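Worksheet: one structure, shown below.
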Amino acid sequence: MKSASIKAKGRAWENACASFLRGAGFPTERRRLRGNKDAGDLVEIQAGSLGLAIECKAHGRYDIPGWLNELDREIQSSGASTGFVWAKLKGKTAADSGVILMRPLMLLQILHELNRHSPGLGGPGSQRE
């Protein structure tokens with residue numbers, strides 16, 4: 001596949017993810033490339049007090065360790081609290097058919113933030129047994 005078509009495929013996936021988030025009420029836009037100061041593919045959205053870096057991937061082969069390392073750098077560069085990789089599944093084009101990848105500690109940050117705003121959800125300090 002030519003470089004231009006690979007980039008077009010990536011842009012289409014980024015646009016699909018941004019449209020999905022906007023449709024759910026989260027103002028989101030694609031970021032411009034910033035070289036080694038890359039801060040993720042989508043403009044940081046706020047979820048409670050968390051800023052999120054979102055890295056969109058539409059590759060034929062998965063490089064999960066590499067993608068998570070890239071996400072770590074982008075979280076650092078953007079000043080976000082946490083983030084996730086949104087990967088396209090082969091043969092699917094809709095953003096809601098993709099998969100979300102993140103490190104367990106990133107998930108815990110999000111769960112703690114949810115618990116702060118809705119204490120009955122579970123986790124430390126919840127009333128559930």
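Chain labels A, B, ... are given in the sequence in which chains occur in the structure tokens; within each chain residues are numbered consecutively from 1, and ligands are likewise numbered from 1 in the order shown.
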
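Excluding A:Ala80 itself and any same-chain residue fewer than 4 positions from it, the protein and nucleic acid residues within 8 Å of it, counting only C-alpha atoms, are Glu44, Leu50, Gly51, Leu52, Ala53, Ile75 and Gln76 of chain A.
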
Name all residues at most 12 Å from stretch 98-110 of chain A (count only C-alpha atoms; drop same-chain ones fewer than 2 positions away) and give them as a ChimeraX atom specification. /A:13-14,16-17,20,46-59,62-72,75,80-96,112-117,122-124

Strand (DSSP E or B) call set, DSSP backbone run, stretch 75-104 of chain A, as a PyMOL selection string: chain A and resi 82-87+99-101
